[in-house]
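A.B. asks: Here you go, protein_35.tsv (TSV, C-alpha atoms):
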```tsv
chain	number	residue	atom	x	y	z
W	1	GLY	CA	105.25	46.47	199.87
W	2	GLU	CA	102.17	46.73	202.05
W	3	ASN	CA	102.53	47.34	205.78
W	4	VAL	CA	99.61	47.02	208.21
W	5	GLU	CA	99.74	48.52	211.69
W	6	GLN	CA	97.18	47.47	214.31
W	7	HIS	CA	96.28	49.05	217.64
W	8	PRO	CA	95.87	48.37	220.49
W	9	SER	CA	97.76	45.14	221.04
W	10	THR	CA	95.57	44.28	224.04
W	11	LEU	CA	92.11	45.48	224.97
W	12	SER	CA	89.98	44.69	228.01
W	13	VAL	CA	86.34	45.66	228.18
W	14	GLN	CA	83.44	44.95	230.46
W	15	GLU	CA	80.73	42.69	229.13
W	16	GLY	CA	78.17	44.78	227.28
W	17	ASP	CA	80.59	47.58	226.42
W	18	SER	CA	81.89	48.32	222.94
W	19	ALA	CA	85.34	47.49	221.59
W	20	VAL	CA	87.17	49.29	218.81
W	21	ILE	CA	90.30	48.08	217.03
W	22	LYS	CA	92.10	50.27	214.52
W	23	CYS	CA	94.38	49.48	211.59
W	24	THR	CA	96.34	51.56	209.13
W	25	TYR	CA	97.83	50.41	205.85
W	26	SER	CA	100.44	51.87	203.54
W	27	ASP	CA	99.68	50.67	200.00
W	28	SER	CA	97.01	52.69	198.21
W	29	ALA	CA	96.55	49.73	195.83
W	30	SER	CA	94.95	47.69	198.62
W	31	ASN	CA	91.25	47.24	198.05
W	32	TYR	CA	90.21	44.40	200.34
W	33	PHE	CA	90.27	44.51	204.14
W	34	PRO	CA	89.20	41.43	206.10
W	35	TRP	CA	89.09	40.90	209.84
W	36	TYR	CA	89.85	37.50	211.30
W	37	LYS	CA	89.14	36.15	214.77
W	38	GLN	CA	91.49	33.54	216.20
W	39	GLU	CA	90.64	31.72	219.40
W	40	LEU	CA	93.39	30.02	221.33
W	41	GLY	CA	94.72	27.00	219.44
W	42	LYS	CA	92.28	27.43	216.56
W	43	ARG	CA	92.40	28.59	212.97
W	44	PRO	CA	91.77	32.21	211.97
W	45	GLN	CA	88.16	32.71	210.92
W	46	LEU	CA	86.80	35.58	208.87
W	47	ILE	CA	84.26	37.65	210.79
W	48	ILE	CA	83.75	40.53	208.40
W	49	ASP	CA	85.41	42.12	205.39
W	50	ILE	CA	85.09	45.32	203.43
W	51	ARG	CA	86.02	46.36	199.93
W	52	SER	CA	87.32	49.76	198.94
W	53	ASN	CA	84.11	50.86	197.23
W	54	VAL	CA	82.27	50.70	200.56
W	55	GLY	CA	82.78	52.98	203.55
W	56	GLU	CA	81.01	50.91	206.17
W	57	LYS	CA	79.63	47.43	206.60
W	58	LYS	CA	77.66	45.96	209.46
W	59	ASP	CA	76.77	42.43	210.51
W	60	GLN	CA	74.74	42.25	213.70
W	61	ARG	CA	77.07	43.38	216.52
W	62	ILE	CA	80.09	43.79	214.28
W	63	ALA	CA	80.84	46.71	211.98
W	64	VAL	CA	83.84	47.81	209.96
W	65	THR	CA	84.57	51.30	208.66
W	66	LEU	CA	87.07	52.24	205.97
W	67	ASN	CA	88.66	55.58	205.18
W	68	LYS	CA	90.63	55.15	201.96
W	69	THR	CA	91.92	58.70	201.96
W	70	ALA	CA	93.48	58.31	205.38
W	71	LYS	CA	94.32	54.64	204.77
W	72	HIS	CA	92.74	53.34	207.92
W	73	PHE	CA	89.98	50.95	208.84
W	74	SER	CA	88.41	49.96	212.14
W	75	LEU	CA	86.49	47.08	213.70
W	76	HIS	CA	83.66	47.89	216.07
W	77	ILE	CA	82.07	45.27	218.31
W	78	THR	CA	79.03	46.36	220.29
W	79	GLU	CA	77.42	44.67	223.29
W	80	THR	CA	80.49	42.54	223.83
W	81	GLN	CA	80.10	39.05	225.27
W	82	PRO	CA	82.64	36.73	226.92
W	83	GLU	CA	82.72	34.60	223.76
W	84	ASP	CA	84.09	37.61	221.88
W	85	SER	CA	87.35	37.12	223.79
W	86	ALA	CA	89.99	36.17	221.21
W	87	VAL	CA	92.79	37.64	219.11
W	88	TYR	CA	91.58	39.76	216.22
W	89	PHE	CA	93.67	40.40	213.11
W	90	CYS	CA	93.14	42.97	210.42
W	91	ALA	CA	94.60	42.40	206.97
W	92	ALA	CA	94.87	44.05	203.59
W	93	SER	CA	95.40	42.96	200.00
W	94	ASP	CA	94.62	44.23	196.53
W	95	SER	CA	91.92	41.58	196.30
W	96	GLY	CA	90.91	38.69	198.51
W	97	ASN	CA	92.52	36.30	196.09
W	98	THR	CA	96.03	37.61	196.58
W	99	PRO	CA	98.24	37.25	199.64
W	100	LEU	CA	97.01	39.00	202.75
W	101	VAL	CA	99.24	41.26	204.83
W	102	PHE	CA	98.19	40.99	208.46
W	103	GLY	CA	98.49	43.28	211.42
W	104	LYS	CA	100.07	41.96	214.61
W	105	GLY	CA	96.75	41.30	216.28
W	106	THR	CA	94.71	42.60	219.20
W	107	ARG	CA	94.00	40.39	222.17
W	108	LEU	CA	90.48	41.24	223.31
W	109	SER	CA	89.34	40.20	226.77
W	110	VAL	CA	85.69	40.62	227.69
W	111	ILE	CA	85.25	40.60	231.43
W	112	ALA	CA	81.96	39.23	232.72
T	1	ASP	CA	84.38	18.02	206.99
T	2	THR	CA	84.63	20.14	203.84
T	3	GLY	CA	87.03	22.72	205.26
T	4	VAL	CA	90.77	23.10	204.72
T	5	SER	CA	92.72	20.30	206.37
T	6	GLN	CA	96.39	20.07	207.28
T	7	ASN	CA	98.60	17.21	208.35
T	8	PRO	CA	100.30	16.62	210.62
T	9	ARG	CA	98.86	18.94	213.26
T	10	HIS	CA	102.06	18.86	215.27
T	11	LYS	CA	105.64	18.05	214.31
T	12	ILE	CA	108.65	17.94	216.58
T	13	THR	CA	111.99	17.53	214.88
T	14	LYS	CA	115.66	17.96	215.54
T	15	ARG	CA	117.67	20.71	214.00
T	16	GLY	CA	119.00	19.71	210.61
T	17	GLN	CA	116.20	17.29	209.77
T	18	ASN	CA	113.82	17.71	206.84
T	19	VAL	CA	110.07	18.00	207.37
T	20	THR	CA	107.10	17.99	205.01
T	21	PHE	CA	103.61	19.29	205.65
T	22	ARG	CA	100.48	18.66	203.64
T	23	CYS	CA	97.48	20.89	202.97
T	24	ASP	CA	94.18	19.79	201.44
T	25	PRO	CA	92.16	22.83	200.36
T	26	ILE	CA	88.40	23.10	199.95
T	27	SER	CA	87.79	20.97	196.87
T	28	GLU	CA	86.58	23.61	194.44
T	29	HIS	CA	89.17	26.21	195.44
T	30	ASN	CA	91.88	26.89	192.89
T	31	ARG	CA	94.02	29.25	194.97
T	32	LEU	CA	96.10	27.93	197.83
T	33	TYR	CA	98.25	29.95	200.23
T	34	TRP	CA	100.89	29.16	202.82
T	35	TYR	CA	101.44	31.46	205.79
T	36	ARG	CA	103.65	31.22	208.85
T	37	GLN	CA	102.57	32.46	212.26
T	38	THR	CA	104.84	32.89	215.27
T	39	LEU	CA	103.67	33.54	218.80
T	40	GLY	CA	102.08	36.93	219.24
T	41	GLN	CA	102.24	37.79	215.55
T	42	GLY	CA	99.86	37.79	212.63
T	43	PRO	CA	100.24	35.26	209.83
T	44	GLU	CA	103.00	36.09	207.34
T	45	PHE	CA	102.68	35.15	203.69
T	46	LEU	CA	105.08	32.53	202.32
T	47	THR	CA	103.81	31.46	198.90
T	48	TYR	CA	100.69	30.80	196.89
T	49	PHE	CA	99.36	28.81	193.95
T	50	GLN	CA	96.75	29.09	191.27
T	51	ASN	CA	95.99	25.47	190.44
T	52	GLU	CA	99.46	23.89	190.08
T	53	ALA	CA	101.27	27.13	189.20
T	54	GLN	CA	103.24	28.84	191.97
T	55	LEU	CA	102.44	32.53	191.52
T	56	GLU	CA	104.59	34.22	194.14
T	57	LYS	CA	107.14	33.47	196.83
T	58	SER	CA	107.84	35.77	199.74
T	59	ARG	CA	111.39	36.82	200.48
T	60	LEU	CA	110.74	35.06	203.81
T	61	LEU	CA	110.88	31.79	201.90
T	62	SER	CA	114.55	30.83	201.99
T	63	ASP	CA	116.12	28.27	199.68
T	64	ARG	CA	115.52	25.63	202.35
T	65	PHE	CA	111.77	25.93	201.78
T	66	SER	CA	109.99	24.45	198.80
T	67	ALA	CA	106.32	24.13	198.06
T	68	GLU	CA	104.42	22.39	195.34
T	69	ARG	CA	100.91	21.61	194.26
T	70	PRO	CA	101.46	18.95	191.64
T	71	LYS	CA	97.92	18.30	190.47
T	72	GLY	CA	96.31	21.51	191.52
T	73	SER	CA	94.67	19.87	194.52
T	74	PHE	CA	96.68	19.26	197.72
T	75	SER	CA	99.94	21.06	198.40
T	76	THR	CA	103.10	20.18	200.30
T	77	LEU	CA	105.55	22.47	202.05
T	78	GLU	CA	109.00	21.03	202.70
T	79	ILE	CA	111.63	22.53	204.94
T	80	GLN	CA	115.13	21.16	204.55
T	81	ARG	CA	117.83	21.33	207.21
T	82	THR	CA	115.46	22.79	209.79
T	83	GLU	CA	116.68	25.51	212.14
T	84	GLN	CA	115.29	26.55	215.51
T	85	GLY	CA	114.04	29.76	213.91
T	86	ASP	CA	111.70	27.67	211.75
T	87	SER	CA	109.61	26.84	214.81
T	88	ALA	CA	106.18	28.30	214.11
T	89	MET	CA	102.62	27.49	213.12
T	90	TYR	CA	102.35	26.86	209.38
T	91	LEU	CA	98.92	27.79	208.09
T	92	CYS	CA	97.37	26.91	204.78
T	93	ALA	CA	94.44	28.78	203.27
T	94	SER	CA	92.41	28.44	200.10
T	95	SER	CA	90.08	30.60	198.04
T	96	SER	CA	88.07	30.36	194.87
T	97	TRP	CA	89.15	32.91	192.29
T	98	ASP	CA	86.83	31.83	189.49
T	99	ARG	CA	83.74	32.56	191.49
T	100	GLY	CA	85.00	35.97	192.49
T	101	TYR	CA	84.46	35.13	196.14
T	102	ASN	CA	87.39	36.53	197.97
T	103	GLU	CA	87.40	34.95	201.40
T	104	GLN	CA	90.46	32.94	202.31
T	105	PHE	CA	89.56	29.93	204.44
T	106	PHE	CA	92.27	28.77	206.80
T	107	GLY	CA	93.21	25.30	207.91
T	108	PRO	CA	94.01	24.40	211.53
T	109	GLY	CA	97.74	24.68	210.94
T	110	THR	CA	100.78	22.50	211.55
T	111	ARG	CA	102.76	23.47	214.62
T	112	LEU	CA	106.47	22.84	214.06
T	113	THR	CA	108.91	22.66	216.94
T	114	VAL	CA	112.59	22.40	216.08
T	115	LEU	CA	114.75	21.24	218.98
```
Would you mind writing the file out in structure tokens?
C.D. replies:
Amino acid sequence: GENVEQHPSTLSVQEGDSAVIKCTYSDSASNYFPWYKQELGKRPQLIIDIRSNVGEKKDQRIAVTLNKTAKHFSLHITETQPEDSAVYFCAASDSGNTPLVFGKGTRLSVIA
Amino acid sequence: DTGVSQNPRHKITKRGQNVTFRCDPISEHNRLYWYRQTLGQGPEFLTYFQNEAQLEKSRLLSDRFSAERPKGSFSTLEIQRTEQGDSAMYLCASSSWDRGYNEQFFGPGTRLTVL
């Protein structure tokens, strides 16, 4: 079955700097790669996703890149703000309507 | 609130007792998922439904766990003879397959503590 590895497990950045979180997956049948943000005590919320026919997607300060050959994808957050502090999870599935396999999460701290 | 809702939000029980959780998905969503999340880990898939049909169960789902979605709307997850290892956050999510929109929307979760 699918296995998703996520790095780093914790990340501290200064406000205004960029943050990068990387994930690798094992199943070449995976075609959908969402990123969820989970604040303490709250539900996971989708922040961006990418499908396998796209190499990069951007939404304001957030971007995701996908390399299907190497089976890895990354989340990039630019101009970080304190409200970006949360746990971020990457996930993979063959489509968004099938069970997601999640990474273990990255705890991002943005220091003001 | 038109999002996914879950009840109860917290449940404390003694080992050996049975517990049942409820999930109400977004009304037009026909796919419903159950995940379990332990501290410091990502959500792990348990089972999911298309309307009332249970499509897949994870090997994580022991015989003590049962889930149903009798009318294709809300779903229940029951754990029989709870064990301390069952302590976790149980998350429900839903998505709309017919519309081809893939995002899974999560509920707030039910936090289970087994004493």
A.B. asks: When the cut-off is 9 Å and we count all atoms listed in the file, which residues of chain T are near chain W, given as a list of chain:residue names?
C.D. replies: T:Arg31, T:Tyr33, T:Gly40, T:Gln41, T:Gly42, T:Pro43, T:Glu44, T:Phe45, T:Leu46, T:Thr47, T:Tyr48, T:Glu56, T:Leu91, T:Ser94, T:Ser95, T:Ser96, T:Trp97, T:Gly100, T:Tyr101, T:Asn102, T:Glu103, T:Gln104, T:Phe105, T:Phe106, T:Gly107, T:Pro108, T:Gly109
A.B. asks: Using only C-alpha atoms, which residue out of W:Thr65, W:Thr78, W:Ser85, W:Thr10 lies closest to W:Phe33?
C.D. replies: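 Between W:Thr65, W:Thr78, W:Ser85, W:Thr10, the residue approaching W:Phe33 most closely is W:Thr65.
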A.B. asks: Taking (77.9, 44.3, 221.3) in the coordinates of the supplied file, I want to know which residues reach to within 10 Å of it, counting all atoms listed in the file; could you give the answer as a list in words?
C.D. replies: Glu15, Gly16, Asp17, Ser18, Ala19, Gln60, Arg61, Ile62, His76, Ile77, Thr78, Glu79, Thr80, Gln81 and Asp84 of chain W
A.B. asks: Mind giving me the straight-line distance from atom CA of T:Ser66 to atom CA of T:Pro25 in Å, one decimal?
C.D. replies: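 Atom CA of T:Ser66 sits 18.0 Å away from atom CA of T:Pro25.
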A.B. asks: In Å to one decimal, how far is atom CA of T:Cys23 from atom CA of T:Ser5?
C.D. replies: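 So the two atoms, atom CA of T:Ser5 and atom CA of T:Cys23, lie 5.9 Å apart.
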A.B. asks: Within 10 Å of (98.8, 50.0, 198.0), only C-alpha atoms: residues as a list in words?
C.D. replies: Gly1, Glu2, Asn3, Tyr25, Ser26, Asp27, Ser28, Ala29, Ser30, Asn31, Lys71, Ala92, Ser93 and Asp94 of chain W
A.B. asks: Distance atom CA of T:Arg15-atom CA of T:Trp34, one decimal place?
C.D. replies: 21.9 Å
A.B. asks: Would you mind listing what lies within 8 Å of T:Ser27 as a list of chain:residue names, with all atoms listed in the file counted and same-chain residues fewer than 3 positions away left out?
C.D. replies: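 Close residues of T:Ser27: T:Thr2, T:Asp24, T:Ser73.
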A.B. asks: Check the smallest atom-to-atom distance from each of T:Val4, T:Gln80, T:Glu68, T:Arg111 to T:Ile26 using only C-alpha atoms, then report the winner.
C.D. replies: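 Smallest separation from T:Ile26 among the options: T:Val4.
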A.B. asks: Using all atoms listed in the file, which of the listed residues (W:Val4, W:Ala63, W:Val20, W:Val13) sits closest to W:Ser109?
C.D. replies: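 Nearest to W:Ser109: W:Val13.
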A.B. asks: Can you tell me, as a ChimeraX atom specification, what residues are no more than 9 Å from T:Pro70 when counting all atoms listed in the file, ignoring any on the same chain fewer than 2 positions away?
C.D. replies: /T:51-53,68,72-76
A.B. asks: Of the candidates T:Gln6, T:Gln17, T:Gln50, T:Thr113, which one gets nearest to T:Lys71 if we count all atoms listed in the file?
C.D. replies: T:Gln50
